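Asker: Before I ask anything, here is the structure I am working with.
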Amino acid sequence: MDDMSSDSIHRHDAVDLSGLAAAASSADSPVGPAAHVGSATARTWVVEGTEENFNSLLQKSVQHPVLVEFTTPQAHGAKEMESLLRRVTDEAAGKWLLVRVDIDAQPRLAQSLGVKAVPMLVAVIGGQLAPLAQGTIDEQQFRQLTEQVIQAATSAGMVGRAEPVMVEVSSEEPVGPDPRTVEAEKLMDAGKFDEAVAAYDALLASEPNDPVLIAGRNGAALLGRLDGKDPAALLTAAQQRPDDVDAQLAAADVELMGGRPADAFNRIIQVVRSTHDEERETARTRLLDLFEMVGQSAPEVAAARRSLAAVLF
C-alpha cells in the first residue's frame with residue numbers, strides 16, 4: 001500500500017471523472033427512493049454506487065471527500081474489510097462519504113476506471129481521483145489514510161460534511177440470539193469468563209473485525225476482571241492510589257458496568273495523559289476495548305475519542 005500525501009490528491013496523473021459514465025442518467029437522489037413512511041430507519045454514510053447514481057455521488061466531492069471502494073463478495077477478505085470500512089465511516093459521521101461499488105453488479109463502472117484487482121480503495125476530492133490502497137487493509141491503515149484525505153481536503157478549502165443516508169431497517173424480522181455466540185454466552189452465564197473469552201477468540205480468528213464478536217469478547221473479559229471483586233473497594237483503591245494504573249483501570253471497569261461510560265473513559269484518558277510507554281499503551285488499549293463495548297456511535301465514545309486524540313497528538 002502506497003502512502004498518500006496531500007499533494008498526491010491533485011497529482012498530474014489523477015483521473016478526471018467529469019466524463020465518467022457520461023451516458024448514465026443523472027439521479028435526483030444518489031441513494032434511491034426514500035424509506036417508506038412508518039418503516040424503521042437508520043443513518044449511514046455508506047451508499048451503493050451504480051451507473052445511475054455514480055456521477056451525482058462523485059459531484060459531492062467538491063464539498064467533502066468521497067471514498068470509493070471497489071469490491072466483490074468473492075474477493076479474499078472482502079467481507080471483513082466491508083464491515084471495517086462501514087463501521088469507521090459511520091463513526092466519522094460525515095467527514096467523508098463512502099461509495100461501495102460491487103464490480104460484479106456494476107462491471108462497466110469498474111471498466112471505465114480500469115479497475116482490475118479488488119478490493120481497491122480510492123479517494124475523490126474536487127472530481128479528481130487518487131488511489132489509496134489495493135488489497136485488504138486493517139483499521140489502523142484505514143484511519144491513517146482517511147486522516148490524510150481529510151487533511152488534503154481541508155488544504156483545498158473543502159470543509160463541508162457529508163449528509164447521512166436514511167436506510168430502511170426491517171422491524172418485522174425476528175430478533176433472536178446470534179447463533180455464533182450462544183456457547184460463549186452460556187459460559188458467561190455459568191461464570192466461566194476465561195472460557196468465554198477463549199470462545200470469542202476462536203470466533204474472532206475467522207471474523208477478526210466483527211463488532212458483535214469484539215464487543216462480546218471485551219464484555220466477557222471485563223466481567224472476568226470484576227468477578228469476585230467488591231466494586232466499592234475498587235473505587236476506593238483508585239481514589240487512594242491515583243498513580244496506580246491497575247487500580248484506575250479497575251475503577252473504570254466498575255464505572256462502565258455502573259452505567260457511567262463517560263466517567264470510565266475520562267478516568268482512563270487521564271491515565272494515558274499521565275503515563276508513558278508500556279503503561280500508556282496498556283491504558284489506551286483498554287480504552288479502545290471499552291469503546292467497542294459501548295458502541296462506536298455512542299456520543300460518549302465520540303467525545304472520548306476526541307479527548308484521546310488531543311492527549312496522544
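Naming scheme: A, B, ... for chains in displayed order of the C-alpha cells; residues 1 onward per chain; ligands 1 onward as shown.
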If we count only C-alpha atoms and set the cut-off at 10 Å, which residues sit around A:Leu98, ignoring sequence neighbours fewer than 6 positions away in its own chain? Please answer as a PyMOL selection string.

Answerer: chain A and resi 44-49+57+65-69+85-86+89-90+121-123+162

Asker: Please dump the current selection as a compact mmCIF listing (two decimals), in the first residue's frame; keep all heavy atoms.

Answerer:
# COMPACT_ATOMS: atom_id res chain seq x y z
N THR A 44 -26.66 6.26 7.84
CA THR A 44 -25.37 5.74 7.44
C THR A 44 -24.73 6.70 6.45
O THR A 44 -25.43 7.52 5.83
CB THR A 44 -25.50 4.32 6.81
OG1 THR A 44 -24.19 3.83 6.50
CG2 THR A 44 -26.33 4.36 5.55
N TRP A 45 -23.42 6.62 6.35
CA TRP A 45 -22.69 7.44 5.37
C TRP A 45 -22.04 6.52 4.34
O TRP A 45 -21.03 6.85 3.75
CB TRP A 45 -21.64 8.29 6.08
CG TRP A 45 -22.24 9.46 6.80
CD1 TRP A 45 -22.36 10.74 6.34
CD2 TRP A 45 -22.82 9.47 8.12
NE1 TRP A 45 -22.97 11.53 7.28
CE2 TRP A 45 -23.26 10.79 8.39
CE3 TRP A 45 -23.00 8.49 9.10
CZ2 TRP A 45 -23.87 11.14 9.59
CZ3 TRP A 45 -23.61 8.84 10.29
CH2 TRP A 45 -24.04 10.14 10.53
N VAL A 46 -22.65 5.36 4.12
CA VAL A 46 -22.20 4.39 3.13
C VAL A 46 -23.32 4.15 2.14
O VAL A 46 -24.45 3.85 2.54
CB VAL A 46 -21.80 3.05 3.80
CG1 VAL A 46 -21.28 2.08 2.76
CG2 VAL A 46 -20.78 3.28 4.90
N VAL A 47 -23.04 4.30 0.85
CA VAL A 47 -24.05 4.10 -0.17
C VAL A 47 -23.51 3.15 -1.25
O VAL A 47 -22.30 3.04 -1.44
CB VAL A 47 -24.48 5.43 -0.82
CG1 VAL A 47 -25.10 6.35 0.20
CG2 VAL A 47 -23.31 6.10 -1.52
N GLU A 48 -24.43 2.49 -1.93
CA GLU A 48 -24.06 1.60 -3.03
C GLU A 48 -23.96 2.42 -4.31
O GLU A 48 -24.89 3.15 -4.67
CB GLU A 48 -25.10 0.49 -3.19
CG GLU A 48 -25.20 -0.44 -1.99
CD GLU A 48 -23.91 -1.23 -1.78
OE1 GLU A 48 -23.28 -1.62 -2.78
OE2 GLU A 48 -23.54 -1.46 -0.60
N GLY A 49 -22.84 2.30 -5.01
CA GLY A 49 -22.65 3.02 -6.25
C GLY A 49 -23.15 2.21 -7.43
O GLY A 49 -22.87 1.02 -7.56
N LEU A 57 -22.98 11.14 -7.14
CA LEU A 57 -22.25 10.90 -5.91
C LEU A 57 -20.88 11.56 -5.96
O LEU A 57 -20.44 12.19 -5.00
CB LEU A 57 -22.10 9.40 -5.67
CG LEU A 57 -23.35 8.65 -5.20
CD1 LEU A 57 -23.10 7.15 -5.24
CD2 LEU A 57 -23.75 9.08 -3.80
N PRO A 65 -14.77 15.01 1.05
CA PRO A 65 -14.15 13.84 0.42
C PRO A 65 -15.18 12.74 0.14
O PRO A 65 -16.13 12.54 0.90
CB PRO A 65 -13.12 13.38 1.45
CG PRO A 65 -12.87 14.56 2.31
CD PRO A 65 -14.16 15.30 2.38
N VAL A 66 -14.94 12.05 -0.95
CA VAL A 66 -15.70 10.86 -1.30
C VAL A 66 -14.70 9.72 -1.45
O VAL A 66 -13.70 9.86 -2.17
CB VAL A 66 -16.50 11.04 -2.60
CG1 VAL A 66 -17.18 9.72 -3.00
CG2 VAL A 66 -17.55 12.14 -2.43
N LEU A 67 -14.92 8.62 -0.74
CA LEU A 67 -14.10 7.43 -0.91
C LEU A 67 -14.91 6.41 -1.70
O LEU A 67 -16.11 6.28 -1.51
CB LEU A 67 -13.72 6.83 0.44
CG LEU A 67 -12.98 7.73 1.43
CD1 LEU A 67 -12.59 6.93 2.68
CD2 LEU A 67 -11.76 8.36 0.80
N VAL A 68 -14.24 5.73 -2.61
CA VAL A 68 -14.90 4.70 -3.42
C VAL A 68 -14.20 3.37 -3.17
O VAL A 68 -12.98 3.27 -3.34
CB VAL A 68 -14.88 5.04 -4.92
CG1 VAL A 68 -15.67 3.98 -5.71
CG2 VAL A 68 -15.47 6.43 -5.17
N GLU A 69 -14.97 2.41 -2.74
CA GLU A 69 -14.44 1.05 -2.52
C GLU A 69 -14.96 0.15 -3.64
O GLU A 69 -16.16 -0.09 -3.74
CB GLU A 69 -14.90 0.51 -1.17
CG GLU A 69 -14.45 -0.92 -0.92
CD GLU A 69 -15.21 -1.61 0.20
OE1 GLU A 69 -16.22 -1.04 0.68
OE2 GLU A 69 -14.79 -2.71 0.59
N LEU A 85 -14.71 -0.85 7.00
CA LEU A 85 -14.88 0.46 6.36
C LEU A 85 -16.23 1.06 6.72
O LEU A 85 -16.33 2.28 6.95
CB LEU A 85 -14.73 0.34 4.84
CG LEU A 85 -13.32 0.58 4.28
CD1 LEU A 85 -12.30 -0.36 4.90
CD2 LEU A 85 -13.32 0.44 2.75
N ARG A 86 -17.26 0.24 6.78
CA ARG A 86 -18.58 0.74 7.12
C ARG A 86 -18.61 1.27 8.56
O ARG A 86 -19.13 2.36 8.82
CB ARG A 86 -19.62 -0.36 6.94
CG ARG A 86 -21.06 0.06 7.28
CD ARG A 86 -22.03 -1.09 7.06
NE ARG A 86 -22.09 -1.47 5.67
CZ ARG A 86 -22.87 -0.89 4.76
NH1 ARG A 86 -23.64 0.14 5.13
NH2 ARG A 86 -22.87 -1.30 3.52
N THR A 89 -16.49 4.49 8.88
CA THR A 89 -17.14 5.58 8.14
C THR A 89 -18.33 6.12 8.92
O THR A 89 -18.48 7.35 9.07
CB THR A 89 -17.59 5.09 6.76
OG1 THR A 89 -16.44 4.78 5.96
CG2 THR A 89 -18.41 6.15 6.04
N ASP A 90 -19.18 5.26 9.43
CA ASP A 90 -20.33 5.73 10.19
C ASP A 90 -19.90 6.38 11.49
O ASP A 90 -20.54 7.33 11.97
CB ASP A 90 -21.29 4.58 10.45
CG ASP A 90 -22.10 4.20 9.21
OD1 ASP A 90 -22.17 5.02 8.28
OD2 ASP A 90 -22.64 3.08 9.16
N LEU A 121 -9.40 0.80 -3.00
CA LEU A 121 -9.95 2.00 -2.37
C LEU A 121 -9.32 3.23 -3.00
O LEU A 121 -8.10 3.31 -3.13
CB LEU A 121 -9.66 1.97 -0.86
CG LEU A 121 -10.27 3.09 -0.02
CD1 LEU A 121 -11.80 2.98 0.01
CD2 LEU A 121 -9.71 3.03 1.41
N VAL A 122 -10.18 4.17 -3.40
CA VAL A 122 -9.68 5.42 -3.99
C VAL A 122 -10.35 6.60 -3.30
O VAL A 122 -11.43 6.46 -2.69
CB VAL A 122 -9.96 5.50 -5.51
CG1 VAL A 122 -9.32 4.34 -6.24
CG2 VAL A 122 -11.46 5.52 -5.79
N ALA A 123 -9.71 7.75 -3.37
CA ALA A 123 -10.28 8.99 -2.83
C ALA A 123 -10.62 9.91 -3.98
O ALA A 123 -9.94 9.93 -5.01
CB ALA A 123 -9.27 9.67 -1.91
N ALA A 162 -20.56 15.36 4.81
CA ALA A 162 -21.50 14.55 4.04
C ALA A 162 -22.81 14.40 4.80
O ALA A 162 -22.82 14.27 6.02
CB ALA A 162 -20.89 13.18 3.75

Asker: Apply DSSP to the backbone of this structure and, from stretch 78-255 of chain A, keep only the residues in helix (DSSP H, G or I); write these as a PyMOL selection string.

Answerer: chain A and resi 78-92+107-113+139-155+179-189+193-206+211-226+231-240+245-255

Asker: What are the DSSP strand (DSSP E) residues of stretch 148-273 of chain A, as a list in words?

Answerer: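 So, restricting stretch 148-273 of chain A to strand (DSSP E), we get Val165, Met166, Val167, Glu168 and Val169 of chain A.
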
Asker: Which value, in Å to one decimal, gives the distance between atom CA of A:Ile137 and atom CA of A:Met81?

Answerer: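 Result for atom CA of A:Ile137 versus atom CA of A:Met81: 7.1 Å, one decimal.
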
Asker: Can you pull out the residues contacting A:Glu147? Cut-off 12 Å, using only C-alpha atoms, and skip same-chain residues under 4 positions away; I want them as a list in words.

Answerer: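 Skipping anything fewer than 4 positions along the chain leaves Asp3, Met4, Ser5, Ser6, Pro65, Val88, Thr89, Ala92, Lys95, Trp96, Ala123, Leu132, Gln140, Gln141, Phe142, Arg143, Gln151, Ala152, Ala153 and Thr154 of chain A.
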
Asker: When you draw a straight line from atom CA of A:Leu113 to atom CA of A:Thr72, how long is it in Å?

Answerer: 15.6 Å

Asker: Report as number ranges by chain all protein, DNA and RNA residues lying within 12 Å of A:Phe193, evaluated on only C-alpha atoms, omitting residues in the same chain fewer than 5 positions from it.

Answerer: A: 183-188, 198-200, 216-228

Asker: Using only all heavy atoms, please write the residues we just selected to a file, as a compact mmCIF listing (two decimals), in the first residue's frame.

Answerer:
# COMPACT_ATOMS: atom_id res chain seq x y z
N GLU A 183 -22.79 -20.43 22.59
CA GLU A 183 -21.95 -21.19 23.52
C GLU A 183 -21.16 -20.25 24.43
O GLU A 183 -21.03 -20.50 25.64
CB GLU A 183 -21.00 -22.11 22.76
CG GLU A 183 -21.70 -23.26 22.04
CD GLU A 183 -22.54 -24.11 22.99
OE1 GLU A 183 -22.04 -24.40 24.11
OE2 GLU A 183 -23.66 -24.48 22.64
N ALA A 184 -20.63 -19.16 23.86
CA ALA A 184 -19.88 -18.21 24.68
C ALA A 184 -20.78 -17.57 25.74
O ALA A 184 -20.37 -17.37 26.89
CB ALA A 184 -19.26 -17.13 23.79
N GLU A 185 -22.02 -17.29 25.37
CA GLU A 185 -22.94 -16.68 26.32
C GLU A 185 -23.32 -17.66 27.43
O GLU A 185 -23.52 -17.26 28.58
CB GLU A 185 -24.18 -16.18 25.58
CG GLU A 185 -23.87 -14.95 24.70
CD GLU A 185 -25.01 -14.60 23.76
OE1 GLU A 185 -26.04 -15.30 23.81
OE2 GLU A 185 -24.86 -13.65 22.98
N LYS A 186 -23.44 -18.94 27.09
CA LYS A 186 -23.70 -19.95 28.12
C LYS A 186 -22.56 -20.00 29.14
O LYS A 186 -22.80 -20.13 30.35
CB LYS A 186 -23.89 -21.32 27.47
CG LYS A 186 -25.21 -21.50 26.73
CD LYS A 186 -25.31 -22.90 26.13
CE LYS A 186 -26.63 -23.10 25.40
NZ LYS A 186 -26.71 -24.45 24.78
N LEU A 187 -21.33 -19.89 28.63
CA LEU A 187 -20.18 -19.89 29.53
C LEU A 187 -20.20 -18.67 30.45
O LEU A 187 -19.88 -18.77 31.64
CB LEU A 187 -18.88 -19.92 28.72
CG LEU A 187 -18.60 -21.23 27.97
CD1 LEU A 187 -17.45 -21.05 26.98
CD2 LEU A 187 -18.27 -22.35 28.95
N MET A 188 -20.60 -17.53 29.89
CA MET A 188 -20.69 -16.32 30.72
C MET A 188 -21.77 -16.47 31.78
O MET A 188 -21.58 -16.08 32.93
CB MET A 188 -20.96 -15.10 29.83
CG MET A 188 -19.79 -14.73 28.94
SD MET A 188 -20.17 -13.37 27.80
CE MET A 188 -20.45 -12.03 28.96
N ALA A 198 -12.06 -17.20 25.59
CA ALA A 198 -11.43 -18.12 24.65
C ALA A 198 -12.38 -18.50 23.52
O ALA A 198 -11.97 -18.62 22.36
CB ALA A 198 -10.96 -19.38 25.39
N ALA A 199 -13.66 -18.66 23.85
CA ALA A 199 -14.65 -18.99 22.82
C ALA A 199 -14.81 -17.85 21.83
O ALA A 199 -14.89 -18.06 20.61
CB ALA A 199 -15.99 -19.32 23.48
N TYR A 200 -14.84 -16.63 22.34
CA TYR A 200 -14.92 -15.47 21.45
C TYR A 200 -13.65 -15.35 20.60
O TYR A 200 -13.71 -15.01 19.41
CB TYR A 200 -15.15 -14.19 22.24
CG TYR A 200 -16.60 -13.93 22.57
CD1 TYR A 200 -17.05 -13.98 23.89
CD2 TYR A 200 -17.51 -13.62 21.57
CE1 TYR A 200 -18.39 -13.74 24.20
CE2 TYR A 200 -18.84 -13.38 21.87
CZ TYR A 200 -19.27 -13.44 23.19
OH TYR A 200 -20.59 -13.21 23.48
N GLY A 216 -18.58 -8.63 22.46
CA GLY A 216 -18.84 -9.76 23.35
C GLY A 216 -17.59 -10.23 24.06
O GLY A 216 -17.60 -10.51 25.27
N ARG A 217 -16.50 -10.29 23.33
CA ARG A 217 -15.23 -10.73 23.91
C ARG A 217 -14.78 -9.75 25.00
O ARG A 217 -14.35 -10.16 26.08
CB ARG A 217 -14.20 -10.81 22.79
CG ARG A 217 -12.92 -11.56 23.17
CD ARG A 217 -11.84 -10.63 23.62
NE ARG A 217 -10.62 -11.37 23.89
CZ ARG A 217 -9.68 -10.99 24.71
NH1 ARG A 217 -9.80 -9.84 25.37
NH2 ARG A 217 -8.59 -11.71 24.90
N ASN A 218 -14.87 -8.45 24.70
CA ASN A 218 -14.45 -7.46 25.67
C ASN A 218 -15.34 -7.46 26.90
O ASN A 218 -14.88 -7.23 28.03
CB ASN A 218 -14.44 -6.07 25.03
CG ASN A 218 -13.38 -5.95 23.95
OD1 ASN A 218 -12.48 -6.78 23.86
ND2 ASN A 218 -13.47 -4.93 23.11
N GLY A 219 -16.65 -7.72 26.69
CA GLY A 219 -17.56 -7.80 27.83
C GLY A 219 -17.25 -8.98 28.73
O GLY A 219 -17.28 -8.86 29.97
N ALA A 220 -16.93 -10.12 28.11
CA ALA A 220 -16.56 -11.30 28.91
C ALA A 220 -15.28 -11.04 29.70
O ALA A 220 -15.16 -11.43 30.87
CB ALA A 220 -16.39 -12.51 27.99
N ALA A 221 -14.32 -10.38 29.06
CA ALA A 221 -13.06 -10.07 29.74
C ALA A 221 -13.30 -9.12 30.92
O ALA A 221 -12.71 -9.30 32.00
CB ALA A 221 -12.08 -9.46 28.76
N LEU A 222 -14.17 -8.12 30.72
CA LEU A 222 -14.44 -7.18 31.81
C LEU A 222 -15.11 -7.89 32.98
O LEU A 222 -14.73 -7.68 34.14
CB LEU A 222 -15.33 -6.06 31.29
CG LEU A 222 -15.64 -4.91 32.27
CD1 LEU A 222 -15.86 -3.61 31.52
CD2 LEU A 222 -16.88 -5.21 33.12
N LEU A 223 -16.09 -8.74 32.69
CA LEU A 223 -16.76 -9.47 33.77
C LEU A 223 -15.77 -10.38 34.50
O LEU A 223 -15.87 -10.55 35.73
CB LEU A 223 -17.92 -10.28 33.20
CG LEU A 223 -19.12 -9.46 32.72
CD1 LEU A 223 -20.13 -10.35 32.03
CD2 LEU A 223 -19.76 -8.70 33.88
N GLY A 224 -14.83 -10.94 33.77
CA GLY A 224 -13.81 -11.76 34.40
C GLY A 224 -12.92 -10.95 35.32
O GLY A 224 -12.55 -11.42 36.41
N ARG A 225 -12.59 -9.73 34.91
CA ARG A 225 -11.75 -8.88 35.75
C ARG A 225 -12.46 -8.48 37.05
O ARG A 225 -11.83 -8.30 38.08
CB ARG A 225 -11.32 -7.63 34.98
CG ARG A 225 -10.41 -7.88 33.81
CD ARG A 225 -9.78 -6.59 33.29
NE ARG A 225 -10.75 -5.63 32.79
CZ ARG A 225 -11.15 -5.55 31.53
NH1 ARG A 225 -10.69 -6.42 30.63
NH2 ARG A 225 -12.01 -4.63 31.15
N LEU A 226 -13.78 -8.33 36.97
CA LEU A 226 -14.54 -7.89 38.14
C LEU A 226 -15.08 -9.05 38.97
O LEU A 226 -15.59 -8.81 40.08
CB LEU A 226 -15.72 -7.01 37.70
CG LEU A 226 -15.37 -5.66 37.09
CD1 LEU A 226 -16.65 -4.91 36.69
CD2 LEU A 226 -14.55 -4.82 38.05
N ASP A 227 -14.96 -10.27 38.47
CA ASP A 227 -15.54 -11.41 39.16
C ASP A 227 -14.96 -11.55 40.56
O ASP A 227 -13.74 -11.61 40.76
CB ASP A 227 -15.26 -12.69 38.35
CG ASP A 227 -15.99 -13.89 38.91
OD1 ASP A 227 -17.10 -13.72 39.45
OD2 ASP A 227 -15.45 -15.01 38.81
N GLY A 228 -15.83 -11.59 41.56
CA GLY A 228 -15.41 -11.76 42.96
C GLY A 228 -14.88 -10.51 43.61
O GLY A 228 -14.44 -10.56 44.77

Asker: Which residues are near A:Gln63? Cut-off 9 Å, only C-alpha atoms, ignore same chain within fewer than 2 positions. Put them as number ranges by chain.

Answerer: A: 59-61, 65, 125-126, 153, 157-162

Asker: From the options A:Ala42, A:Ala298, A:Ala283, A:Ala105, which residue's atoms come nearest to A:Met166, counting only C-alpha atoms?

Answerer: A:Ala42

Asker: Let me make sure I understand: among A:Asn209, A:Asn266, A:Thr236, A:Ser307, which one has the smallest atom-to-atom distance to A:Arg87 if we use only C-alpha atoms?

Answerer: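 Of A:Asn209, A:Asn266, A:Thr236, A:Ser307, the one nearest A:Arg87, counting only C-alpha atoms, is A:Asn209.
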
Asker: If we count only C-alpha atoms, what is near A:Gly77 at a cut-off of 12 Å, once residues fewer than 3 positions away on the same chain are taken out, given as a CSV table (one decimal) with C-alpha atoms, in the first residue's frame?

Answerer:
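That gives us out_23.csv:
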chain,number,residue,atom,x,y,z
A,71,THR,CA,-15.1,-4.8,-4.3
A,72,THR,CA,-16.7,-8.1,-4.9
A,73,PRO,CA,-18.1,-10.7,-2.5
A,74,GLN,CA,-15.6,-13.2,-4.0
A,80,GLU,CA,-14.2,-8.2,6.8
A,81,MET,CA,-12.9,-5.1,5.0
A,82,GLU,CA,-16.5,-4.1,4.1
A,83,SER,CA,-17.5,-4.3,7.8
A,84,LEU,CA,-14.4,-2.4,8.9
A,118,VAL,CA,-10.2,-5.7,-5.8
A,119,PRO,CA,-10.7,-4.7,-3.1
A,120,MET,CA,-9.5,-1.3,-4.2
A,135,GLY,CA,-5.9,-5.2,-1.4
A,136,THR,CA,-7.2,-5.6,2.1
A,137,ILE,CA,-6.2,-3.1,4.8
A,138,ASP,CA,-6.6,-3.1,8.6
A,206,SER,CA,-12.1,-16.2,11.3
A,207,GLU,CA,-14.0,-12.9,11.7
A,208,PRO,CA,-11.4,-10.6,13.3
A,209,ASN,CA,-13.3,-7.3,12.6

Asker: Smallest atom-to-atom distance to A:Arg306: which of A:Gln128, A:Ile269, A:Glu255, A:Asp104, using only C-alpha atoms?

Answerer: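 When distances to A:Arg306 are compared using only C-alpha atoms, the smallest one comes from A:Ile269.
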
Asker: Hey, can you check how far atom CA of A:Ile214 sits from atom CA of A:Met293?

Answerer: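 Separating atom CA of A:Ile214 from atom CA of A:Met293 is a distance of 7.9 Å.
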
Asker: Under the rule that only C-alpha atoms are counted, which of A:Ala310, A:Arg286, A:His64, A:Val294 is the nearest residue to A:Ser155?

Answerer: A:His64

Asker: Check the smallest atom-to-atom distance from each of A:Arg267, A:Arg241, A:Lys192, A:Arg280 to A:Asp253 using only C-alpha atoms, then report the winner.

Answerer: A:Arg267

Asker: Could you list, as a ChimeraX atom specification, every residue within 9 Å of A:Leu58, counting only C-alpha atoms and ignoring same-chain residues fewer than 4 positions away?

Answerer: /A:17-18,53-54,62,66,99,124-127

Asker: Keeping only N, CA and C atoms, write the selected residues as a PDB file, in the first residue's frame.

Answerer:
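Contents of again_32.pdb, as written:
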ATOM      1  N   LEU A  17     -12.798  12.738 -13.552  1.00  0.00           N
ATOM      2  CA  LEU A  17     -14.015  11.937 -13.521  1.00  0.00           C
ATOM      3  C   LEU A  17     -15.195  12.631 -14.181  1.00  0.00           C
ATOM      4  N   SER A  18     -14.991  13.799 -14.770  1.00  0.00           N
ATOM      5  CA  SER A  18     -16.120  14.563 -15.268  1.00  0.00           C
ATOM      6  C   SER A  18     -16.854  13.838 -16.394  1.00  0.00           C
ATOM      7  N   ASN A  53     -26.319   6.390 -10.319  1.00  0.00           N
ATOM      8  CA  ASN A  53     -26.089   7.441  -9.309  1.00  0.00           C
ATOM      9  C   ASN A  53     -24.625   7.842  -9.171  1.00  0.00           C
ATOM     10  N   PHE A  54     -23.721   7.184  -9.891  1.00  0.00           N
ATOM     11  CA  PHE A  54     -22.292   7.362  -9.638  1.00  0.00           C
ATOM     12  C   PHE A  54     -21.831   8.792  -9.870  1.00  0.00           C
ATOM     13  N   VAL A  62     -16.826  17.985  -4.383  1.00  0.00           N
ATOM     14  CA  VAL A  62     -16.442  19.405  -4.333  1.00  0.00           C
ATOM     15  C   VAL A  62     -16.800  20.001  -2.977  1.00  0.00           C
ATOM     16  N   VAL A  66     -14.941  12.055  -0.955  1.00  0.00           N
ATOM     17  CA  VAL A  66     -15.702  10.856  -1.297  1.00  0.00           C
ATOM     18  C   VAL A  66     -14.703   9.717  -1.451  1.00  0.00           C
ATOM     19  N   VAL A  99     -18.592   5.250  -0.975  1.00  0.00           N
ATOM     20  CA  VAL A  99     -19.387   4.662  -2.051  1.00  0.00           C
ATOM     21  C   VAL A  99     -18.847   3.265  -2.330  1.00  0.00           C
ATOM     22  N   VAL A 124     -11.685  10.675  -3.796  1.00  0.00           N
ATOM     23  CA  VAL A 124     -12.091  11.666  -4.792  1.00  0.00           C
ATOM     24  C   VAL A 124     -12.258  12.998  -4.081  1.00  0.00           C
ATOM     25  N   ILE A 125     -11.497  13.987  -4.527  1.00  0.00           N
ATOM     26  CA  ILE A 125     -11.600  15.347  -3.993  1.00  0.00           C
ATOM     27  C   ILE A 125     -11.640  16.307  -5.171  1.00  0.00           C
ATOM     28  N   GLY A 126     -12.680  17.106  -5.237  1.00  0.00           N
ATOM     29  CA  GLY A 126     -12.823  18.054  -6.330  1.00  0.00           C
ATOM     30  C   GLY A 126     -12.887  17.392  -7.691  1.00  0.00           C
ATOM     31  N   GLY A 127     -13.459  16.185  -7.759  1.00  0.00           N
ATOM     32  CA  GLY A 127     -13.591  15.490  -9.033  1.00  0.00           C
ATOM     33  C   GLY A 127     -12.335  14.793  -9.485  1.00  0.00           C
TER      34      GLY A 127
END
